[in-house]
file query31.cif (mmCIF, N, CA and C atoms)
data_protein
#
loop_
_atom_site.label_atom_id
_atom_site.label_comp_id
_atom_site.auth_asym_id
_atom_site.auth_seq_id
_atom_site.Cartn_x
_atom_site.Cartn_y
_atom_site.Cartn_z
N MET A 1 -19.45 81.32 -76.80
CA MET A 1 -20.15 80.06 -76.88
C MET A 1 -21.01 80.07 -78.14
N LEU A 2 -20.95 79.01 -78.90
CA LEU A 2 -21.77 78.91 -80.10
C LEU A 2 -23.25 78.84 -79.72
N LYS A 3 -24.07 79.39 -80.57
CA LYS A 3 -25.52 79.26 -80.36
C LYS A 3 -25.91 77.80 -80.60
N ARG A 4 -26.95 77.36 -79.92
CA ARG A 4 -27.36 75.96 -80.01
C ARG A 4 -27.67 75.55 -81.45
N GLU A 5 -28.30 76.45 -82.19
CA GLU A 5 -28.64 76.14 -83.57
C GLU A 5 -27.39 75.84 -84.39
N GLU A 6 -26.31 76.58 -84.11
CA GLU A 6 -25.05 76.37 -84.82
C GLU A 6 -24.45 75.02 -84.45
N VAL A 7 -24.53 74.65 -83.16
CA VAL A 7 -24.03 73.35 -82.72
C VAL A 7 -24.83 72.23 -83.39
N VAL A 8 -26.14 72.40 -83.46
CA VAL A 8 -26.99 71.40 -84.11
C VAL A 8 -26.59 71.25 -85.58
N ARG A 9 -26.41 72.38 -86.26
CA ARG A 9 -26.05 72.35 -87.68
C ARG A 9 -24.70 71.67 -87.90
N ARG A 10 -23.70 72.06 -87.10
CA ARG A 10 -22.35 71.54 -87.30
C ARG A 10 -22.20 70.07 -86.88
N SER A 11 -23.10 69.59 -86.04
CA SER A 11 -22.96 68.23 -85.53
C SER A 11 -23.79 67.21 -86.32
N GLN A 12 -24.40 67.61 -87.41
CA GLN A 12 -25.29 66.71 -88.15
C GLN A 12 -24.59 65.46 -88.67
N GLY A 13 -23.29 65.52 -88.94
CA GLY A 13 -22.59 64.38 -89.48
C GLY A 13 -22.07 63.42 -88.42
N LEU A 14 -22.26 63.74 -87.16
CA LEU A 14 -21.77 62.87 -86.08
C LEU A 14 -22.69 61.68 -85.87
N PRO A 15 -22.15 60.59 -85.31
CA PRO A 15 -23.02 59.47 -84.95
C PRO A 15 -24.08 59.94 -83.94
N PRO A 16 -25.30 59.38 -84.00
CA PRO A 16 -26.40 59.85 -83.16
C PRO A 16 -26.09 59.89 -81.66
N ASP A 17 -25.39 58.87 -81.13
CA ASP A 17 -25.11 58.87 -79.69
C ASP A 17 -24.14 59.98 -79.31
N LEU A 18 -23.13 60.22 -80.15
CA LEU A 18 -22.17 61.29 -79.88
C LEU A 18 -22.83 62.66 -80.02
N ARG A 19 -23.67 62.79 -81.04
CA ARG A 19 -24.38 64.07 -81.25
C ARG A 19 -25.30 64.37 -80.07
N SER A 20 -25.99 63.35 -79.58
CA SER A 20 -26.88 63.51 -78.44
C SER A 20 -26.09 63.96 -77.20
N LYS A 21 -24.94 63.34 -76.97
CA LYS A 21 -24.10 63.71 -75.83
C LYS A 21 -23.60 65.14 -75.96
N LEU A 22 -23.18 65.52 -77.16
CA LEU A 22 -22.71 66.88 -77.41
C LEU A 22 -23.80 67.90 -77.10
N LEU A 23 -25.02 67.64 -77.57
CA LEU A 23 -26.12 68.58 -77.33
C LEU A 23 -26.51 68.61 -75.85
N ASP A 24 -26.45 67.47 -75.18
CA ASP A 24 -26.72 67.44 -73.74
C ASP A 24 -25.69 68.28 -72.99
N ASP A 25 -24.42 68.13 -73.37
CA ASP A 25 -23.36 68.92 -72.73
C ASP A 25 -23.55 70.41 -73.00
N TRP A 26 -23.93 70.75 -74.24
CA TRP A 26 -24.16 72.16 -74.57
C TRP A 26 -25.29 72.71 -73.70
N ASP A 27 -26.38 71.93 -73.55
CA ASP A 27 -27.50 72.37 -72.72
C ASP A 27 -27.06 72.56 -71.27
N ALA A 28 -26.22 71.67 -70.77
CA ALA A 28 -25.73 71.78 -69.39
C ALA A 28 -24.88 73.04 -69.23
N MET A 29 -24.03 73.33 -70.20
CA MET A 29 -23.21 74.54 -70.12
C MET A 29 -24.08 75.79 -70.18
N ALA A 30 -25.07 75.79 -71.02
CA ALA A 30 -25.97 76.94 -71.12
C ALA A 30 -26.71 77.15 -69.80
N GLU A 31 -27.15 76.07 -69.18
CA GLU A 31 -27.84 76.17 -67.89
C GLU A 31 -26.90 76.67 -66.80
N ALA A 32 -25.65 76.19 -66.81
CA ALA A 32 -24.67 76.66 -65.83
C ALA A 32 -24.42 78.16 -65.99
N ALA A 33 -24.34 78.62 -67.22
CA ALA A 33 -24.14 80.05 -67.48
C ALA A 33 -25.34 80.85 -67.00
N ARG A 34 -26.55 80.33 -67.21
CA ARG A 34 -27.76 81.03 -66.76
C ARG A 34 -27.77 81.14 -65.24
N VAL A 35 -27.46 80.04 -64.54
CA VAL A 35 -27.44 80.05 -63.08
C VAL A 35 -26.37 81.02 -62.58
N TYR A 36 -25.22 81.01 -63.21
CA TYR A 36 -24.14 81.91 -62.84
C TYR A 36 -24.59 83.37 -62.97
N ARG A 37 -25.21 83.71 -64.09
CA ARG A 37 -25.69 85.09 -64.29
C ARG A 37 -26.72 85.47 -63.24
N GLU A 38 -27.63 84.53 -62.91
CA GLU A 38 -28.64 84.81 -61.88
C GLU A 38 -27.99 85.07 -60.53
N ARG A 39 -27.02 84.23 -60.17
CA ARG A 39 -26.32 84.41 -58.89
C ARG A 39 -25.63 85.76 -58.83
N CYS A 40 -24.97 86.13 -59.91
CA CYS A 40 -24.29 87.43 -59.94
C CYS A 40 -25.30 88.56 -59.80
N GLU A 41 -26.44 88.44 -60.48
CA GLU A 41 -27.47 89.48 -60.41
C GLU A 41 -28.06 89.57 -59.01
N GLU A 42 -28.25 88.43 -58.34
CA GLU A 42 -28.79 88.42 -56.98
C GLU A 42 -27.90 89.22 -56.03
N HIS A 43 -26.60 89.17 -56.29
CA HIS A 43 -25.66 89.80 -55.37
C HIS A 43 -25.18 91.17 -55.83
N ARG A 44 -25.78 91.67 -56.91
CA ARG A 44 -25.37 93.00 -57.39
C ARG A 44 -25.58 94.01 -56.26
N GLY A 45 -24.61 94.84 -56.03
CA GLY A 45 -24.68 95.82 -54.96
C GLY A 45 -24.19 95.28 -53.62
N GLU A 46 -24.05 93.96 -53.49
CA GLU A 46 -23.56 93.37 -52.25
C GLU A 46 -22.08 93.05 -52.33
N TRP A 47 -21.50 93.17 -53.52
CA TRP A 47 -20.10 92.77 -53.67
C TRP A 47 -19.24 93.55 -52.70
N PRO A 48 -18.26 92.89 -52.15
CA PRO A 48 -17.34 93.59 -51.27
C PRO A 48 -16.53 94.61 -52.04
N ALA A 49 -15.81 95.44 -51.32
CA ALA A 49 -14.99 96.45 -51.98
C ALA A 49 -13.93 95.80 -52.86
N GLU A 50 -13.57 94.56 -52.53
CA GLU A 50 -12.59 93.86 -53.36
C GLU A 50 -13.21 93.58 -54.72
N ARG A 51 -12.43 93.68 -55.72
CA ARG A 51 -12.88 93.40 -57.08
C ARG A 51 -11.96 92.35 -57.69
N PRO A 52 -12.45 91.67 -58.73
CA PRO A 52 -11.56 90.73 -59.40
C PRO A 52 -10.31 91.44 -59.89
N ALA A 53 -9.21 90.72 -59.88
CA ALA A 53 -7.95 91.26 -60.37
C ALA A 53 -7.59 90.53 -61.65
N VAL A 54 -6.83 91.19 -62.48
CA VAL A 54 -6.37 90.55 -63.71
C VAL A 54 -4.89 90.29 -63.54
N SER A 55 -4.51 89.04 -63.73
CA SER A 55 -3.11 88.65 -63.54
C SER A 55 -2.27 89.09 -64.72
N ASP A 56 -0.97 88.96 -64.54
CA ASP A 56 -0.05 89.16 -65.66
C ASP A 56 -0.32 88.06 -66.68
N PRO A 57 -0.05 88.33 -67.94
CA PRO A 57 -0.30 87.30 -68.94
C PRO A 57 0.56 86.07 -68.70
N GLY A 58 -0.02 84.91 -68.94
CA GLY A 58 0.72 83.65 -68.82
C GLY A 58 1.54 83.41 -70.07
N PRO A 59 2.14 82.23 -70.18
CA PRO A 59 2.99 81.93 -71.34
C PRO A 59 2.23 81.99 -72.67
N ASP A 60 0.90 81.78 -72.60
CA ASP A 60 0.10 81.83 -73.83
C ASP A 60 -0.40 83.24 -74.13
N GLY A 61 -0.01 84.22 -73.29
CA GLY A 61 -0.42 85.60 -73.50
C GLY A 61 -1.79 85.93 -72.97
N VAL A 62 -2.45 84.98 -72.32
CA VAL A 62 -3.81 85.19 -71.80
C VAL A 62 -3.73 85.68 -70.36
N HIS A 63 -4.53 86.67 -70.04
CA HIS A 63 -4.62 87.19 -68.68
C HIS A 63 -5.66 86.37 -67.91
N ALA A 64 -5.31 85.92 -66.72
CA ALA A 64 -6.27 85.19 -65.88
C ALA A 64 -7.00 86.20 -65.00
N VAL A 65 -8.30 85.99 -64.84
CA VAL A 65 -9.07 86.83 -63.92
C VAL A 65 -9.13 86.09 -62.59
N LEU A 66 -8.74 86.78 -61.53
CA LEU A 66 -8.68 86.18 -60.20
C LEU A 66 -9.68 86.87 -59.29
N TRP A 67 -10.48 86.07 -58.60
CA TRP A 67 -11.52 86.59 -57.72
C TRP A 67 -11.11 86.43 -56.27
N PRO A 68 -11.45 87.39 -55.41
CA PRO A 68 -11.22 87.22 -53.98
C PRO A 68 -12.17 86.15 -53.43
N VAL A 69 -11.74 85.50 -52.37
CA VAL A 69 -12.51 84.41 -51.75
C VAL A 69 -13.93 84.85 -51.43
N ARG A 70 -14.09 86.05 -50.95
CA ARG A 70 -15.43 86.53 -50.56
C ARG A 70 -16.41 86.51 -51.72
N MET A 71 -15.95 86.95 -52.90
CA MET A 71 -16.83 86.95 -54.08
C MET A 71 -17.17 85.52 -54.50
N VAL A 72 -16.17 84.65 -54.47
CA VAL A 72 -16.41 83.25 -54.86
C VAL A 72 -17.44 82.63 -53.93
N ALA A 73 -17.29 82.87 -52.63
CA ALA A 73 -18.23 82.31 -51.65
C ALA A 73 -19.66 82.75 -51.96
N MET A 74 -19.85 84.01 -52.30
CA MET A 74 -21.19 84.51 -52.63
C MET A 74 -21.75 83.84 -53.87
N VAL A 75 -20.92 83.69 -54.89
CA VAL A 75 -21.40 83.14 -56.16
C VAL A 75 -21.73 81.66 -56.06
N ILE A 76 -20.87 80.88 -55.38
CA ILE A 76 -21.11 79.43 -55.34
C ILE A 76 -21.92 79.00 -54.14
N GLY A 77 -22.28 79.94 -53.26
CA GLY A 77 -23.15 79.61 -52.13
C GLY A 77 -22.46 78.81 -51.04
N ARG A 78 -21.20 79.10 -50.81
CA ARG A 78 -20.43 78.45 -49.74
C ARG A 78 -19.86 79.52 -48.83
N THR A 79 -19.38 79.11 -47.66
CA THR A 79 -18.74 80.07 -46.76
C THR A 79 -17.32 80.36 -47.24
N GLU A 80 -16.77 81.46 -46.77
CA GLU A 80 -15.40 81.80 -47.13
C GLU A 80 -14.42 80.73 -46.65
N SER A 81 -14.65 80.20 -45.44
CA SER A 81 -13.73 79.17 -44.94
C SER A 81 -13.83 77.90 -45.79
N ARG A 82 -15.02 77.57 -46.28
CA ARG A 82 -15.18 76.40 -47.15
C ARG A 82 -14.45 76.61 -48.47
N VAL A 83 -14.51 77.83 -49.01
CA VAL A 83 -13.81 78.13 -50.25
C VAL A 83 -12.30 77.98 -50.04
N ARG A 84 -11.78 78.46 -48.93
CA ARG A 84 -10.35 78.31 -48.64
C ARG A 84 -9.98 76.83 -48.52
N GLN A 85 -10.85 76.05 -47.90
CA GLN A 85 -10.61 74.61 -47.78
C GLN A 85 -10.58 73.97 -49.17
N MET A 86 -11.51 74.36 -50.02
CA MET A 86 -11.56 73.83 -51.38
C MET A 86 -10.28 74.17 -52.15
N LEU A 87 -9.73 75.35 -51.89
CA LEU A 87 -8.47 75.74 -52.52
C LEU A 87 -7.32 74.86 -52.03
N ARG A 88 -7.28 74.64 -50.71
CA ARG A 88 -6.21 73.79 -50.15
C ARG A 88 -6.29 72.37 -50.69
N TRP A 89 -7.49 71.86 -50.86
CA TRP A 89 -7.70 70.48 -51.31
C TRP A 89 -7.61 70.34 -52.83
N GLY A 90 -7.55 71.45 -53.55
CA GLY A 90 -7.44 71.39 -55.00
C GLY A 90 -8.78 71.33 -55.73
N ASP A 91 -9.89 71.52 -55.00
CA ASP A 91 -11.20 71.54 -55.64
C ASP A 91 -11.41 72.81 -56.45
N LEU A 92 -10.73 73.88 -56.08
CA LEU A 92 -10.71 75.14 -56.82
C LEU A 92 -9.25 75.50 -57.06
N GLU A 93 -8.99 76.22 -58.15
CA GLU A 93 -7.63 76.65 -58.44
C GLU A 93 -7.48 78.11 -58.07
N GLY A 94 -6.37 78.43 -57.45
CA GLY A 94 -6.11 79.80 -57.08
C GLY A 94 -4.65 79.99 -56.71
N VAL A 95 -4.33 81.22 -56.37
CA VAL A 95 -2.97 81.57 -55.94
C VAL A 95 -3.08 82.50 -54.74
N LYS A 96 -2.03 82.51 -53.95
CA LYS A 96 -1.99 83.47 -52.84
C LYS A 96 -1.29 84.74 -53.33
N VAL A 97 -1.95 85.85 -53.10
CA VAL A 97 -1.40 87.16 -53.45
C VAL A 97 -1.36 87.97 -52.16
N ASP A 98 -0.18 88.36 -51.75
CA ASP A 98 -0.01 89.09 -50.49
C ASP A 98 -0.68 88.35 -49.33
N GLY A 99 -0.55 87.03 -49.31
CA GLY A 99 -1.09 86.22 -48.22
C GLY A 99 -2.58 85.93 -48.30
N ARG A 100 -3.25 86.37 -49.35
CA ARG A 100 -4.69 86.12 -49.52
C ARG A 100 -4.93 85.28 -50.76
N TRP A 101 -5.85 84.33 -50.63
CA TRP A 101 -6.21 83.50 -51.77
C TRP A 101 -6.97 84.32 -52.80
N MET A 102 -6.61 84.12 -54.05
CA MET A 102 -7.34 84.66 -55.19
C MET A 102 -7.68 83.46 -56.06
N VAL A 103 -8.93 83.36 -56.49
CA VAL A 103 -9.43 82.18 -57.18
C VAL A 103 -9.57 82.46 -58.67
N SER A 104 -9.13 81.53 -59.48
CA SER A 104 -9.24 81.64 -60.92
C SER A 104 -10.71 81.66 -61.33
N GLU A 105 -11.08 82.62 -62.17
CA GLU A 105 -12.46 82.71 -62.65
C GLU A 105 -12.85 81.44 -63.40
N ASP A 106 -11.92 80.88 -64.16
CA ASP A 106 -12.20 79.63 -64.88
C ASP A 106 -12.51 78.51 -63.90
N SER A 107 -11.81 78.49 -62.77
CA SER A 107 -12.04 77.45 -61.77
C SER A 107 -13.44 77.57 -61.18
N VAL A 108 -13.90 78.80 -60.98
CA VAL A 108 -15.26 79.01 -60.46
C VAL A 108 -16.28 78.48 -61.46
N GLY A 109 -16.08 78.77 -62.75
CA GLY A 109 -16.98 78.27 -63.78
C GLY A 109 -16.96 76.75 -63.87
N ASP A 110 -15.77 76.16 -63.77
CA ASP A 110 -15.67 74.70 -63.81
C ASP A 110 -16.39 74.07 -62.62
N TYR A 111 -16.26 74.68 -61.45
CA TYR A 111 -16.93 74.17 -60.26
C TYR A 111 -18.45 74.21 -60.46
N GLY A 112 -18.95 75.33 -60.97
CA GLY A 112 -20.39 75.44 -61.22
C GLY A 112 -20.88 74.40 -62.20
N MET A 113 -20.09 74.13 -63.24
CA MET A 113 -20.46 73.13 -64.23
C MET A 113 -20.50 71.74 -63.59
N LYS A 114 -19.51 71.41 -62.77
CA LYS A 114 -19.48 70.10 -62.11
C LYS A 114 -20.70 69.94 -61.21
N GLN A 115 -21.08 70.99 -60.50
CA GLN A 115 -22.23 70.92 -59.60
C GLN A 115 -23.51 70.70 -60.39
N LEU A 116 -23.65 71.40 -61.51
CA LEU A 116 -24.83 71.26 -62.34
C LEU A 116 -24.93 69.85 -62.91
N LEU A 117 -23.82 69.32 -63.40
CA LEU A 117 -23.83 67.98 -63.98
C LEU A 117 -24.13 66.93 -62.90
N ALA A 118 -23.61 67.14 -61.69
CA ALA A 118 -23.89 66.20 -60.59
C ALA A 118 -25.37 66.21 -60.26
N ARG A 119 -26.00 67.39 -60.25
CA ARG A 119 -27.45 67.48 -59.97
C ARG A 119 -28.25 66.79 -61.07
N GLN A 120 -27.80 66.96 -62.32
CA GLN A 120 -28.52 66.32 -63.42
C GLN A 120 -28.40 64.80 -63.37
N ALA A 121 -27.26 64.31 -62.93
CA ALA A 121 -27.03 62.87 -62.87
C ALA A 121 -27.80 62.22 -61.73
N ALA A 122 -28.11 63.01 -60.70
CA ALA A 122 -28.81 62.44 -59.52
C ALA A 122 -30.27 62.19 -59.79
#
call {"tool": "encode", "arguments": {"input": "query31.cif", "output": "structure tokens"}}
result
Amino acid sequence: MLKREEVVRRSQGLPPDLRSKLLDDWDAMAEAARVYRERCEEHRGEWPAERPAVSDPGPDGVHAVLWPVRMVAMVIGRTESRVRQMLRWGDLEGVKVDGRWMVSEDSVGDYGMKQLLARQAA
């Protein structure tokens, strides 16, 4: 993630309304990252024996990090059954591995960002 000062510098030529929106979005992402780090720190030592898995590379050569439902539930503050429901409904992205849901790390981050933006809009 670019530092805020770099975003400010690079966005100087944008129209004021677009630049303002860009900086607001950057601030929201930075806040989401801070909250995510705090949540992870709160649960340090409580993580289940399950650990995130790294998938085989996709067509773009990128490895996806997949989290077990239990870890996702701890990070986003929901129950495991609610996380599974969110997966079935498409609110989170994941795959079943040996009959167990594994959640995309990117999907967890996107969910956190949506929640933060919803709180800011309220």
call {"tool": "residues_around", "arguments": {"input": "query31.cif", "residues": "region 69-72 of chain A", "least_positions_apart": "6", "cutoff": "6 Å", "atoms": "all atoms listed in the file", "output": "PDB file with N, CA and C atoms, keeping the file's coordinate frame"}}
result
ATOM      1  N   GLU A  80     -16.770  81.460 -46.770  1.00  0.00           N
ATOM      2  CA  GLU A  80     -15.400  81.800 -47.130  1.00  0.00           C
ATOM      3  C   GLU A  80     -14.420  80.730 -46.650  1.00  0.00           C
ATOM      4  N   TRP A 101      -5.850  84.330 -50.630  1.00  0.00           N
ATOM      5  CA  TRP A 101      -6.210  83.500 -51.770  1.00  0.00           C
ATOM      6  C   TRP A 101      -6.970  84.320 -52.800  1.00  0.00           C
ATOM      7  N   MET A 102      -6.610  84.120 -54.050  1.00  0.00           N
ATOM      8  CA  MET A 102      -7.340  84.660 -55.190  1.00  0.00           C
ATOM      9  C   MET A 102      -7.680  83.460 -56.060  1.00  0.00           C
ATOM     10  N   VAL A 103      -8.930  83.360 -56.490  1.00  0.00           N
ATOM     11  CA  VAL A 103      -9.430  82.180 -57.180  1.00  0.00           C
ATOM     12  C   VAL A 103      -9.570  82.460 -58.670  1.00  0.00           C
TER      13      VAL A 103
END
call {"tool": "atom_distance", "arguments": {"input": "query31.cif", "atom1": "atom N of Asp98 (chain A)", "atom2": "atom N of Glu42 (chain A)"}}
result
28.8 Å
call {"tool": "closest_residue", "arguments": {"input": "query31.cif", "among": "A:Asp25, A:Pro68, A:Val8, A:Arg37", "to": "Arg100 (chain A)", "atoms": "all atoms listed in the file"}}
result
A:Pro68
call {"tool": "select_by_dssp", "arguments": {"input": "query31.cif", "residues": "region 54-114 of chain A", "states": "strand (DSSP E)", "output": "PyMOL selection string"}}
result
chain A and resi 54+65-68+94-97+100-104
call {"tool": "closest_residue", "arguments": {"input": "query31.cif", "among": "A:Glu5, A:Leu117, A:Arg84, A:Val75", "to": "Tyr36 (chain A)", "atoms": "all atoms listed in the file"}}
result
A:Val75
call {"tool": "atom_distance", "arguments": {"input": "query31.cif", "atom1": "atom C of Ser107 (chain A)", "atom2": "CA of Leu66 (chain A)"}}
result
9.9 Å
call {"tool": "resolve_selection", "arguments": {"input": "query31.cif", "expression": "the PyMOL selection byres ((chain A and resi 106) around 8)", "output": "list in words"}}
result
Ala64, Val65, Leu66, Trp67, Glu93, Val103, Ser104, Glu105, Ser107, Val108, Gly109, Asp110, Tyr111 and Gly112 of chain A
call {"tool": "atom_distance", "arguments": {"input": "query31.cif", "atom1": "atom C of Gly90 (chain A)", "atom2": "CA of Gly77 (chain A)"}}
result
17.0 Å
call {"tool": "resolve_selection", "arguments": {"input": "query31.cif", "expression": "the PyMOL selection byres (((chain A and resi 29 and name CA) around 10) and name CA)", "output": "count of residues only"}}
result
20
call {"tool": "select_by_dssp", "arguments": {"input": "query31.cif", "residues": "region 69-113 of chain A", "states": "helix (DSSP H, G or I)", "output": "ChimeraX atom specification"}}
result
/A:69-76,80-89,105-113
call {"tool": "axis_aligned_box", "arguments": {"input": "query31.cif", "around": "region 18-34 of chain A", "padding_each_side": "6 Å", "output": "JSON"}}
result
{"center_x": -25.0, "center_y": 70.7, "center_z": -73.2, "size_x": 17.7, "size_y": 32.9, "size_z": 28.0}
call {"tool": "build_atoms", "arguments": {"input": "query31.cif", "residues": "region 5-22 of chain A", "atoms": "N, CA, C and O atoms", "output": "PDB file, keeping the file's coordinate frame"}}
result
ATOM      1  N   GLU A   5     -28.300  76.450 -82.190  1.00  0.00           N
ATOM      2  CA  GLU A   5     -28.640  76.140 -83.570  1.00  0.00           C
ATOM      3  C   GLU A   5     -27.390  75.840 -84.390  1.00  0.00           C
ATOM      4  O   GLU A   5     -27.390  74.969 -85.262  1.00  0.00           O
ATOM      5  N   GLU A   6     -26.310  76.580 -84.110  1.00  0.00           N
ATOM      6  CA  GLU A   6     -25.050  76.370 -84.820  1.00  0.00           C
ATOM      7  C   GLU A   6     -24.450  75.020 -84.450  1.00  0.00           C
ATOM      8  O   GLU A   6     -23.923  74.296 -85.299  1.00  0.00           O
ATOM      9  N   VAL A   7     -24.530  74.650 -83.160  1.00  0.00           N
ATOM     10  CA  VAL A   7     -24.030  73.350 -82.720  1.00  0.00           C
ATOM     11  C   VAL A   7     -24.830  72.230 -83.390  1.00  0.00           C
ATOM     12  O   VAL A   7     -24.269  71.238 -83.857  1.00  0.00           O
ATOM     13  N   VAL A   8     -26.140  72.400 -83.460  1.00  0.00           N
ATOM     14  CA  VAL A   8     -26.990  71.400 -84.110  1.00  0.00           C
ATOM     15  C   VAL A   8     -26.590  71.250 -85.580  1.00  0.00           C
ATOM     16  O   VAL A   8     -26.417  70.144 -86.083  1.00  0.00           O
ATOM     17  N   ARG A   9     -26.410  72.380 -86.260  1.00  0.00           N
ATOM     18  CA  ARG A   9     -26.050  72.350 -87.680  1.00  0.00           C
ATOM     19  C   ARG A   9     -24.700  71.670 -87.900  1.00  0.00           C
ATOM     20  O   ARG A   9     -24.563  70.807 -88.749  1.00  0.00           O
ATOM     21  N   ARG A  10     -23.700  72.060 -87.100  1.00  0.00           N
ATOM     22  CA  ARG A  10     -22.350  71.540 -87.300  1.00  0.00           C
ATOM     23  C   ARG A  10     -22.200  70.070 -86.880  1.00  0.00           C
ATOM     24  O   ARG A  10     -21.273  69.409 -87.290  1.00  0.00           O
ATOM     25  N   SER A  11     -23.100  69.590 -86.040  1.00  0.00           N
ATOM     26  CA  SER A  11     -22.960  68.230 -85.530  1.00  0.00           C
ATOM     27  C   SER A  11     -23.790  67.210 -86.320  1.00  0.00           C
ATOM     28  O   SER A  11     -23.850  66.044 -85.931  1.00  0.00           O
ATOM     29  N   GLN A  12     -24.400  67.610 -87.410  1.00  0.00           N
ATOM     30  CA  GLN A  12     -25.290  66.710 -88.150  1.00  0.00           C
ATOM     31  C   GLN A  12     -24.590  65.460 -88.670  1.00  0.00           C
ATOM     32  O   GLN A  12     -25.187  64.420 -88.775  1.00  0.00           O
ATOM     33  N   GLY A  13     -23.290  65.520 -88.940  1.00  0.00           N
ATOM     34  CA  GLY A  13     -22.590  64.380 -89.480  1.00  0.00           C
ATOM     35  C   GLY A  13     -22.070  63.420 -88.420  1.00  0.00           C
ATOM     36  O   GLY A  13     -21.502  62.373 -88.750  1.00  0.00           O
ATOM     37  N   LEU A  14     -22.260  63.740 -87.160  1.00  0.00           N
ATOM     38  CA  LEU A  14     -21.770  62.870 -86.080  1.00  0.00           C
ATOM     39  C   LEU A  14     -22.690  61.680 -85.870  1.00  0.00           C
ATOM     40  O   LEU A  14     -23.888  61.756 -86.158  1.00  0.00           O
ATOM     41  N   PRO A  15     -22.150  60.590 -85.310  1.00  0.00           N
ATOM     42  CA  PRO A  15     -23.020  59.470 -84.950  1.00  0.00           C
ATOM     43  C   PRO A  15     -24.080  59.940 -83.940  1.00  0.00           C
ATOM     44  O   PRO A  15     -23.808  60.823 -83.115  1.00  0.00           O
ATOM     45  N   PRO A  16     -25.300  59.380 -84.000  1.00  0.00           N
ATOM     46  CA  PRO A  16     -26.400  59.850 -83.160  1.00  0.00           C
ATOM     47  C   PRO A  16     -26.090  59.890 -81.660  1.00  0.00           C
ATOM     48  O   PRO A  16     -26.456  60.849 -80.986  1.00  0.00           O
ATOM     49  N   ASP A  17     -25.390  58.870 -81.130  1.00  0.00           N
ATOM     50  CA  ASP A  17     -25.110  58.870 -79.690  1.00  0.00           C
ATOM     51  C   ASP A  17     -24.140  59.980 -79.310  1.00  0.00           C
ATOM     52  O   ASP A  17     -24.313  60.659 -78.289  1.00  0.00           O
ATOM     53  N   LEU A  18     -23.130  60.220 -80.150  1.00  0.00           N
ATOM     54  CA  LEU A  18     -22.170  61.290 -79.880  1.00  0.00           C
ATOM     55  C   LEU A  18     -22.830  62.660 -80.020  1.00  0.00           C
ATOM     56  O   LEU A  18     -22.612  63.553 -79.201  1.00  0.00           O
ATOM     57  N   ARG A  19     -23.670  62.790 -81.040  1.00  0.00           N
ATOM     58  CA  ARG A  19     -24.380  64.070 -81.250  1.00  0.00           C
ATOM     59  C   ARG A  19     -25.300  64.370 -80.070  1.00  0.00           C
ATOM     60  O   ARG A  19     -25.358  65.483 -79.570  1.00  0.00           O
ATOM     61  N   SER A  20     -25.990  63.350 -79.580  1.00  0.00           N
ATOM     62  CA  SER A  20     -26.880  63.510 -78.440  1.00  0.00           C
ATOM     63  C   SER A  20     -26.090  63.960 -77.200  1.00  0.00           C
ATOM     64  O   SER A  20     -26.510  64.871 -76.480  1.00  0.00           O
ATOM     65  N   LYS A  21     -24.940  63.340 -76.970  1.00  0.00           N
ATOM     66  CA  LYS A  21     -24.100  63.710 -75.830  1.00  0.00           C
ATOM     67  C   LYS A  21     -23.600  65.140 -75.960  1.00  0.00           C
ATOM     68  O   LYS A  21     -23.600  65.910 -75.002  1.00  0.00           O
ATOM     69  N   LEU A  22     -23.180  65.520 -77.160  1.00  0.00           N
ATOM     70  CA  LEU A  22     -22.710  66.880 -77.410  1.00  0.00           C
ATOM     71  C   LEU A  22     -23.800  67.900 -77.100  1.00  0.00           C
ATOM     72  O   LEU A  22     -23.564  68.899 -76.413  1.00  0.00           O
TER      73      LEU A  22
END
